[in-house]
Each structure stands twice: as structure tokens, then as C-alpha cells.
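Novice: The structure is given below, and queries will be raised subsequently.
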Amino acid sequence: MEDQNIYLKPVTVRNIFKFAVPTIAMTVFMSFYTMVDGLFVSNLIGTDALSAINLTAPVIQFVTAVSTMLATGGSAVIMKKMGEQRIREAREDFTFLILVNAAAN
């Protein structure tokens, strides 16, 4: 088994895809979840419930977008500091991001 830190490897298209594919998969499954949820709600509960879901969906998607933005940008900052061996600062930034995310949501 390879004992090399993945963050020390060169930036190539293949390495970028290793990080991008899980995020893309998450987005696809969240979209499927929304569609399936709409199908079940409309068929089992009714159109009023489906309307309620569609009215609240933008708020939920906004909260998810803010959380994803903080997680993606924050992880880049934290990884940069960890690569520079500034572990204490990286831990402080991680704690700060968790608190900001909790307050924002």
C-alpha cells in the first residue's frame, strides 16, 4: 500500500477527478432524492403537501448551498495550513467554520 500523502501529489486531471467525483455523486443523489420525495408525497399525501414542499425547497437548498460553500472553501484553507505545518491554526479555523455553519443554519 502506498504511504504517500495525497496532498503532496502533483495536481493532475486524474487527481482533481478523485476529489470532484464524490461531490458530483452527492449532488446527483440529492437531486434524485428531491424527485423521489416529490413523487411519493404527491401520490401518497396529495397536492397540498407537494405544494408545501415546493414552497420550502428554495430555503432548504439555500441552507445546503451555504453549508457546501463553507465546507468547500474552509477545507481548502485548512488543508493549505496543514500543508504548511500550521496545525494549530488549521484546528482553530476548523472550529470557527463549524461554529459559523451552526450559526448560519
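Following the order of the C-alpha cells, first chain is A, next is B, and so on, with residues numbered from 1 inside each chain and ligands from 1 in the order they appear.
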Can you list, as a VMD selection string, every protein, DNA or RNA residue that comes within 12 Å of A:Asn54 when you count only C-alpha atoms, leaving out same-chain residues fewer than 6 positions away?

Specialist: chain A and resid 34 to 35 37 to 38 41 to 42 47 to 48 60 to 61

Novice: Kindly save the residues from that selection, with N, CA and C atoms included, as a PDB file, in the first residue's frame.

Specialist:
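Final output, saved to out.pdb:
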ATOM      1  N   THR A  34     -34.793  14.519  -4.179  1.00  0.00           N
ATOM      2  CA  THR A  34     -35.843  15.524  -4.334  1.00  0.00           C
ATOM      3  C   THR A  34     -36.939  15.022  -5.267  1.00  0.00           C
ATOM      4  N   MET A  35     -36.553  14.392  -6.377  1.00  0.00           N
ATOM      5  CA  MET A  35     -37.553  13.888  -7.320  1.00  0.00           C
ATOM      6  C   MET A  35     -38.378  12.765  -6.710  1.00  0.00           C
ATOM      7  N   ASP A  37     -38.847  12.108  -3.540  1.00  0.00           N
ATOM      8  CA  ASP A  37     -39.649  12.680  -2.460  1.00  0.00           C
ATOM      9  C   ASP A  37     -40.919  13.313  -3.024  1.00  0.00           C
ATOM     10  N   GLY A  38     -40.774  14.054  -4.105  1.00  0.00           N
ATOM     11  CA  GLY A  38     -41.943  14.672  -4.742  1.00  0.00           C
ATOM     12  C   GLY A  38     -42.934  13.645  -5.260  1.00  0.00           C
ATOM     13  N   VAL A  41     -44.693  12.005  -2.136  1.00  0.00           N
ATOM     14  CA  VAL A  41     -45.590  12.947  -1.458  1.00  0.00           C
ATOM     15  C   VAL A  41     -46.824  13.212  -2.307  1.00  0.00           C
ATOM     16  N   SER A  42     -46.648  13.448  -3.593  1.00  0.00           N
ATOM     17  CA  SER A  42     -47.805  13.755  -4.439  1.00  0.00           C
ATOM     18  C   SER A  42     -48.737  12.551  -4.580  1.00  0.00           C
ATOM     19  N   THR A  47     -51.670  16.854  -3.309  1.00  0.00           N
ATOM     20  CA  THR A  47     -51.069  18.011  -3.965  1.00  0.00           C
ATOM     21  C   THR A  47     -50.777  19.155  -2.997  1.00  0.00           C
ATOM     22  N   ASP A  48     -51.561  19.265  -1.908  1.00  0.00           N
ATOM     23  CA  ASP A  48     -51.279  20.326  -0.931  1.00  0.00           C
ATOM     24  C   ASP A  48     -49.918  20.112  -0.268  1.00  0.00           C
ATOM     25  N   ILE A  60     -34.436  25.356   1.877  1.00  0.00           N
ATOM     26  CA  ILE A  60     -33.592  24.201   2.181  1.00  0.00           C
ATOM     27  C   ILE A  60     -32.378  24.167   1.259  1.00  0.00           C
ATOM     28  N   GLN A  61     -32.585  24.454  -0.017  1.00  0.00           N
ATOM     29  CA  GLN A  61     -31.474  24.456  -0.961  1.00  0.00           C
ATOM     30  C   GLN A  61     -30.488  25.577  -0.669  1.00  0.00           C
TER      31      GLN A  61
END

Novice: So how far away is atom CA of A:Glu92 from atom CA of A:Met79, in Å?

Specialist: 12.5 Å

Novice: Which residue gives the smallest distance to A:Ser67 among A:Asn43, A:Asn105, A:Ser31, A:Gln85, with only C-alpha atoms counted?

Specialist: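 Distance minimum relative to A:Ser67 lands on A:Asn105.
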
Novice: I'd like the interatomic distance between atom CA of A:Leu50 and atom CA of A:Thr23, to a tenth of an Å.

Specialist: 27.5 Å

Novice: List as a PyMOL selection string the protein and nucleic acid residues near A:Glu89, meaning an atom at most 12 Å away when only C-alpha atoms are counted, but skip any in the same chain fewer than 5 places from it.

Specialist: chain A and resi 77-84+94-96

Novice: Any chance you could export the current selection's C-alpha atoms as a PDB file, in the first residue's frame?

Specialist:
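Output saved as selection.pdb:
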ATOM      1  CA  VAL A  77      -7.927  26.910   3.751  1.00  0.00           C
ATOM      2  CA  ILE A  78      -7.458  24.220   6.383  1.00  0.00           C
ATOM      3  CA  MET A  79      -5.554  21.891   4.041  1.00  0.00           C
ATOM      4  CA  LYS A  80      -3.277  24.749   2.977  1.00  0.00           C
ATOM      5  CA  LYS A  81      -2.401  25.482   6.597  1.00  0.00           C
ATOM      6  CA  MET A  82      -1.908  21.794   7.366  1.00  0.00           C
ATOM      7  CA  GLY A  83       0.436  21.557   4.383  1.00  0.00           C
ATOM      8  CA  GLU A  84       2.403  24.472   5.805  1.00  0.00           C
ATOM      9  CA  PHE A  94     -11.939  24.217  11.623  1.00  0.00           C
ATOM     10  CA  THR A  95     -13.594  25.116  14.916  1.00  0.00           C
ATOM     11  CA  PHE A  96     -14.501  28.547  13.563  1.00  0.00           C
TER      12      PHE A  96
END
